[in-house]
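Reading through the structure tokens given below for one structure.
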Amino acid sequence: MQSKGGTVFLYGDLGAGKTTLIKGIASAFGIAERDTGSASFVIVAEHETFPPFYHIDLYRIEREEDIEAMGIWEYIDSGGVTVVEWAERLSEIPENAIKIKINYIDENSREIFIEGIDETDWNNM
Amino acid sequence: MKILGIDTSCDDTSASVVLDGGKILSNIVSSQTEIHKKYGGIVPELASRRHIELIWHVADEALNKANITLDDLDAIAVCHGPGLIGSLLVGCNFAKAVAYARKIPLIAVNHLEGHIFSAILEDSKPSFPFISLIASGGHTSLYVVNGLGQYIELGKTRDDAAGEVYDKVAKMLGLGYPGGPVIDRLAKEGNPKAFDFPRAYVPESFDFSFSGLKTAVKIEIHKSEVRTRTPKSFGVRPSTHEVSALGQKPDPPQPPLDKGGIEGGAFSEPRTPNPELINDIAASFQASVVDVLVRKAEWVIIKKGIRQVALSGGVSANSELRRRMKEMAEDREVELFLPSIALCTDNAAMIAAAGHHHFMSGRIAGIDLNPKAYLPL
């Protein structure tokens with residue numbers, strides 16, 4: 001689904017379904033669904049796939065300087081595929097980045113916005 | 001033989017000297033909770049820096065208390081993951097330096113293996129096989145321990161860890177960090193049946209899932225009509241995003257959930273319900289977590305026919321979990337092993353104990369050891 005160097009920025013409140021979406025993305029890299037959990041605790045869950053898959057969760061980091069210090073941009077630029085949860089915490093997002101926002105509607109429905117993909121280029125999807 | 005254990009996997013700096021893998025000569029833990037409290041959670045960069053400041057003092061104290069010096073050490077064991085990478089790096093580099101300078105073996109221990117060993121460090125210890133339930137801020141896993149170094153993972157959380165939902169729910173309720181002790185305390189004043197929160201038993205599996213519960217609690221908080229302002233005294237601060245998006249204006253009345261565009265004010269702290277409601281939510285939430293942990297442990301007992309259960313991880317300090325596990329163990333006539341709180345929570349004695357076993361089976365780490373944030377056992 002994602003080629004080398006791809007990054008997805010995810011937005012959505014607690015319980016919106018971000019982890020569920022990431023389980024789906026990770027499964028495209030051969031990572032079992034049960035092996036993609038919450039990354040809130042470790043902040044970066046690194047999966048040794050090819051290309052490497054980085055699951056970053058900024059939930060517990062509130063200050064911009066702490067986000068810089070944990071090396072988020074190094075992961076993003078390292079040639080792997082990166083999914084960043086709680087992108088709300090970032091004040092700047094690279095241009096042309098893929099942004100996905102999940103809104104909670106009710107217990108069984110969600111509204112999803114996707115931005116930054118050229119819809120005519122299906123290789124992107 | 002004497003092993004110095006080091007654990008810096010999260011926010012506690014710990015060093016311990018353990019004799020022959022079973023006798024604790026010292027177990028020093030320096031908690032950073034006070035530092036991270038005001039930020040509503042652990043700030044990784046602050047944690048790493050604090051580990052650097054503390055590691056020598058803590059290791060020195062462990063040696064002093066054990067009445068030995070570096071010369072008396074036979075090996076050094078260090079936790080190399082899973083955990084916060086910056087924090088792990090401090091412990092690993094410290095251990096590598098000591099091993100290199102003193103020419104003693106370096107041993108790498110998985111944090112989860114350490115937790116399994118905490119049960120074996122008490123005077124009353126389980127024999128093999130036993131069931132190990134590890135529940136903490138970073139993990140919720142069930143293992144069958146057939147012998148030292150022989151672990152079968154039966155299940156683990158598919159999303160949030162038990163301690164993690166405690167922290168997240170406490171944050172939603174404006175109760176600050178850490179969430180476990182405060183929810184445990186408030187739950188005693190609340191009605192555990194006030195809300196029928198979901199229990200995810202994940203059929204056909206010993207896996208756990210707590211994210212649905214987290215969502216259900218969130219919905220309940222939003223639904224509750226009796227609301228007060230978010231109390232500032234609890235230290236809940238607006239996120240950087242909220243400030244930039246709203247231009248530091250006071251919080252406008254908010255709809256239950258934001259439906260703006262992609263970057264439109266997506267993150268906001270919900271309003272906090274009144275105290276009685278908080279107690280009821282805390283009690284009902286805790287009942288759900290404890291029900292699932294106890295029932296899963298019970299299923300393993302029934303399905304695997306194993307008669308001994310040991311608990312570890314920070315969540316096993318929870319009074320309701322301890323009470324309910326004891327009840328269940330009596331009903332099922334199985335033996336329950338509840339290590340002391342000092343051994344349940346993160347500590348280096350368990351790392352030294354597991355390190356002793358590695359040493360005896362000849363598993364020595366190279367000086368090129370690198371820690372890993374994500375490290376399955």
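The way I read the labels, and the way they are meant: chains A, B, ... in the order of the structure tokens, residue 1 as the first residue of every chain, and ligand 1 as the first ligand shown, with later ones counted on from there.
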* Pick out the residues sitting within 10 Å of segment 272-285 of chain B, and hand them over as a PyMOL selection string; count only C-alpha atoms, and ignore anything fewer than 4 positions along from it in its own chain. => chain B and resi 165-166+169-175+182-199+213-214+216-217+220-231+289-291+320
Writer output for current selection, C-alpha atoms, as a tab-separated table (two decimals), in the first residue's frame:
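Result saved to again20.tsv:
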chain	number	residue	atom	x	y	z
B	165	VAL	CA	-6.26	2.63	29.96
B	166	TYR	CA	-6.09	3.56	33.64
B	169	VAL	CA	-9.30	7.28	31.68
B	170	ALA	CA	-7.77	9.26	34.57
B	171	LYS	CA	-6.75	11.92	32.07
B	172	MET	CA	-10.28	12.06	30.60
B	173	LEU	CA	-11.66	12.52	34.11
B	174	GLY	CA	-9.12	15.24	34.87
B	175	LEU	CA	-7.50	13.16	37.63
B	182	VAL	CA	-6.22	7.56	42.04
B	183	ILE	CA	-8.83	5.46	40.21
B	184	ASP	CA	-8.30	2.63	42.71
B	185	ARG	CA	-8.95	5.09	45.56
B	186	LEU	CA	-12.01	6.80	44.01
B	187	ALA	CA	-13.50	3.46	42.94
B	188	LYS	CA	-13.90	2.52	46.61
B	189	GLU	CA	-16.39	5.41	46.94
B	190	GLY	CA	-18.29	4.63	43.74
B	191	ASN	CA	-20.83	2.11	42.53
B	192	PRO	CA	-19.20	-0.51	40.29
B	193	LYS	CA	-22.60	-1.29	38.77
B	194	ALA	CA	-23.50	2.32	37.95
B	195	PHE	CA	-22.40	1.86	34.36
B	196	ASP	CA	-22.38	-1.33	32.37
B	197	PHE	CA	-19.05	-0.85	30.61
B	198	PRO	CA	-18.07	-3.50	28.06
B	199	ARG	CA	-15.84	-6.45	28.91
B	213	LEU	CA	-13.68	0.08	27.18
B	214	LYS	CA	-11.71	3.30	26.84
B	216	ALA	CA	-17.17	3.50	26.19
B	217	VAL	CA	-15.91	5.49	29.18
B	220	GLU	CA	-20.20	8.11	29.07
B	221	ILE	CA	-18.23	11.17	30.15
B	222	HIS	CA	-19.55	13.11	27.17
B	223	LYS	CA	-23.10	11.91	27.74
B	224	SER	CA	-23.16	12.87	31.39
B	225	GLU	CA	-25.20	16.00	31.78
B	226	VAL	CA	-23.78	17.15	35.07
B	227	ARG	CA	-20.57	18.84	34.08
B	228	THR	CA	-18.24	21.23	35.71
B	229	ARG	CA	-15.27	23.08	34.31
B	230	THR	CA	-12.05	21.13	33.86
B	231	PRO	CA	-10.40	21.74	37.24
B	289	VAL	CA	-10.75	-4.16	33.80
B	290	VAL	CA	-10.56	-6.42	36.84
B	291	ASP	CA	-13.35	-8.71	35.58
B	320	GLU	CA	-9.42	-4.59	43.72
* **Every residue of segment 17-174 of chain B that DSSP places in alpha helix (DSSP H), as a PyMOL selection string** => chain B and resi 33-37+44-65+85-102+111-118+162-172
Output the selection as a PDB file, in the first residue's frame - C-alpha atoms for each residue.
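Result saved to part.pdb:
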ATOM      1  CA  THR B  33       6.746  10.233  39.077  1.00  0.00           C
ATOM      2  CA  GLU B  34       6.946  13.662  40.725  1.00  0.00           C
ATOM      3  CA  ILE B  35       8.817  15.074  37.717  1.00  0.00           C
ATOM      4  CA  HIS B  36       6.373  13.743  35.142  1.00  0.00           C
ATOM      5  CA  LYS B  37       3.204  14.382  37.136  1.00  0.00           C
ATOM      6  CA  PRO B  44      10.602  10.698  27.351  1.00  0.00           C
ATOM      7  CA  GLU B  45      13.307  13.335  26.974  1.00  0.00           C
ATOM      8  CA  LEU B  46      13.035  14.323  30.641  1.00  0.00           C
ATOM      9  CA  ALA B  47      13.095  10.655  31.652  1.00  0.00           C
ATOM     10  CA  SER B  48      16.336   9.978  29.743  1.00  0.00           C
ATOM     11  CA  ARG B  49      18.040  13.013  31.238  1.00  0.00           C
ATOM     12  CA  ARG B  50      16.963  12.068  34.739  1.00  0.00           C
ATOM     13  CA  HIS B  51      18.233   8.506  34.215  1.00  0.00           C
ATOM     14  CA  ILE B  52      21.647   9.941  33.294  1.00  0.00           C
ATOM     15  CA  GLU B  53      21.683  12.028  36.474  1.00  0.00           C
ATOM     16  CA  LEU B  54      20.558   9.150  38.679  1.00  0.00           C
ATOM     17  CA  ILE B  55      22.149   6.004  37.306  1.00  0.00           C
ATOM     18  CA  TRP B  56      25.514   6.249  39.108  1.00  0.00           C
ATOM     19  CA  HIS B  57      23.939   7.245  42.420  1.00  0.00           C
ATOM     20  CA  VAL B  58      21.381   4.475  42.250  1.00  0.00           C
ATOM     21  CA  ALA B  59      23.996   1.861  41.265  1.00  0.00           C
ATOM     22  CA  ASP B  60      26.329   3.099  44.028  1.00  0.00           C
ATOM     23  CA  GLU B  61      23.566   2.847  46.570  1.00  0.00           C
ATOM     24  CA  ALA B  62      22.719  -0.678  45.417  1.00  0.00           C
ATOM     25  CA  LEU B  63      26.368  -1.717  45.860  1.00  0.00           C
ATOM     26  CA  ASN B  64      26.680   0.039  49.248  1.00  0.00           C
ATOM     27  CA  LYS B  65      23.505  -1.479  50.580  1.00  0.00           C
ATOM     28  CA  ILE B  85      14.392   3.942  23.717  1.00  0.00           C
ATOM     29  CA  GLY B  86      16.106   6.985  25.254  1.00  0.00           C
ATOM     30  CA  SER B  87      15.697   5.562  28.754  1.00  0.00           C
ATOM     31  CA  LEU B  88      16.890   2.079  27.744  1.00  0.00           C
ATOM     32  CA  LEU B  89      19.992   3.580  26.125  1.00  0.00           C
ATOM     33  CA  VAL B  90      21.117   5.061  29.447  1.00  0.00           C
ATOM     34  CA  GLY B  91      20.938   1.736  31.298  1.00  0.00           C
ATOM     35  CA  CYS B  92      22.491  -0.239  28.442  1.00  0.00           C
ATOM     36  CA  ASN B  93      25.408   2.117  27.969  1.00  0.00           C
ATOM     37  CA  PHE B  94      26.032   2.221  31.706  1.00  0.00           C
ATOM     38  CA  ALA B  95      26.049  -1.581  31.877  1.00  0.00           C
ATOM     39  CA  LYS B  96      28.275  -1.890  28.796  1.00  0.00           C
ATOM     40  CA  ALA B  97      30.782   0.559  30.286  1.00  0.00           C
ATOM     41  CA  VAL B  98      30.924  -1.322  33.603  1.00  0.00           C
ATOM     42  CA  ALA B  99      31.214  -4.701  31.862  1.00  0.00           C
ATOM     43  CA  TYR B 100      34.004  -3.435  29.613  1.00  0.00           C
ATOM     44  CA  ALA B 101      35.948  -1.625  32.332  1.00  0.00           C
ATOM     45  CA  ARG B 102      35.651  -4.459  34.873  1.00  0.00           C
ATOM     46  CA  HIS B 111      11.782  -6.587  30.669  1.00  0.00           C
ATOM     47  CA  LEU B 112       8.881  -9.072  30.436  1.00  0.00           C
ATOM     48  CA  GLU B 113      11.131 -11.966  31.415  1.00  0.00           C
ATOM     49  CA  GLY B 114      12.132  -9.847  34.389  1.00  0.00           C
ATOM     50  CA  HIS B 115       8.481  -9.520  35.426  1.00  0.00           C
ATOM     51  CA  ILE B 116       8.043 -13.291  35.210  1.00  0.00           C
ATOM     52  CA  PHE B 117      11.050 -13.669  37.525  1.00  0.00           C
ATOM     53  CA  SER B 118       9.600 -11.318  40.139  1.00  0.00           C
ATOM     54  CA  ALA B 162      -4.372  -2.304  31.285  1.00  0.00           C
ATOM     55  CA  GLY B 163      -2.268   0.361  33.003  1.00  0.00           C
ATOM     56  CA  GLU B 164      -2.425   2.505  29.895  1.00  0.00           C
ATOM     57  CA  VAL B 165      -6.264   2.633  29.961  1.00  0.00           C
ATOM     58  CA  TYR B 166      -6.088   3.563  33.642  1.00  0.00           C
ATOM     59  CA  ASP B 167      -3.868   6.507  32.720  1.00  0.00           C
ATOM     60  CA  LYS B 168      -6.023   7.486  29.748  1.00  0.00           C
ATOM     61  CA  VAL B 169      -9.299   7.282  31.684  1.00  0.00           C
ATOM     62  CA  ALA B 170      -7.766   9.264  34.570  1.00  0.00           C
ATOM     63  CA  LYS B 171      -6.747  11.916  32.067  1.00  0.00           C
ATOM     64  CA  MET B 172     -10.276  12.058  30.600  1.00  0.00           C
TER      65      MET B 172
END
* Distance in Å - atom CA of Ala310 of chain B versus atom CA of Ser132 of chain B -> 4.9 Å
Hey, could you make a per-residue contact list for segment 35-123 of chain A against segment 19-24 of chain A with 12 Å as the cut-off, showing the nearest pair of atoms and its distance in Å to one decimal, counting only C-alpha atoms, sorted by chain and number, as a tab-separated table?
residue	atom	partner	partner_atom	distance
A:Asp35	CA	A:Lys23	CA	8.4
A:Thr36	CA	A:Lys23	CA	5.7
A:Gly37	CA	A:Thr19	CA	6.9
A:Ser38	CA	A:Thr19	CA	6.4
A:Ala39	CA	A:Thr19	CA	8.8
A:Ser40	CA	A:Thr19	CA	10.3
A:Ala45	CA	A:Ile22	CA	11.7
A:Phe53	CA	A:Ile22	CA	10.7
A:Tyr54	CA	A:Ile22	CA	10.5
A:His55	CA	A:Ile22	CA	8.0
A:Ile56	CA	A:Ile22	CA	10.3
A:Asp57	CA	A:Thr19	CA	9.7
A:Val81	CA	A:Ile22	CA	11.8
A:Thr82	CA	A:Ile22	CA	10.3
A:Val83	CA	A:Ile22	CA	7.5
A:Val84	CA	A:Ile22	CA	9.5
A:Glu85	CA	A:Thr19	CA	8.3
A:Trp86	CA	A:Thr19	CA	10.9
A:Ile100	CA	A:Leu21	CA	10.0
A:Lys101	CA	A:Leu21	CA	10.8
A:Ile102	CA	A:Leu21	CA	9.4
A:Arg110	CA	A:Leu21	CA	11.6
A:Ile112	CA	A:Leu21	CA	10.7
* Taking only C-alpha atoms into account, which residues of chain B are within 6 Å of chain A, as an MDAnalysis selection string? -> chainID B and resid 83:84 138 158:160 215 241 262 374
* Asked: What is the distance between atom CA of Pro376 of chain B and atom CA of Arg322 of chain B, in Å to one decimal?
  ->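 Result for atom CA of Pro376 of chain B versus atom CA of Arg322 of chain B: 26.5 Å, one decimal.
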* To do: Show which residues sit within 10 Å of Gly30 of chain A, as a list in words. Count only C-alpha atoms, and ignore same-chain residues fewer than 4 positions away.
  => Ile25, Ala26, Thr49 and Phe50 of chain A
Please, could you write that set of residues out with C-alpha atoms as a PDB file, in the first residue's frame?
ATOM      1  CA  ILE A  25      -2.040  -0.692   7.248  1.00  0.00           C
ATOM      2  CA  ALA A  26       0.476  -2.853   9.144  1.00  0.00           C
ATOM      3  CA  THR A  49       9.749  -5.502   7.916  1.00  0.00           C
ATOM      4  CA  PHE A  50      10.990  -4.514   4.479  1.00  0.00           C
TER       5      PHE A  50
END
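Counting from atom CA of Val18 of chain B, the distance to atom CA of Pro339 of chain B is 16.4 Å.
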* DSSP-assigned strand (DSSP E or B) members of segment 11-175 of chain B, reported as an NGL selection string -> :B and (12-19 or 23-31 or 75-81 or 106-110 or 130-135 or 140-147 or 150-157)
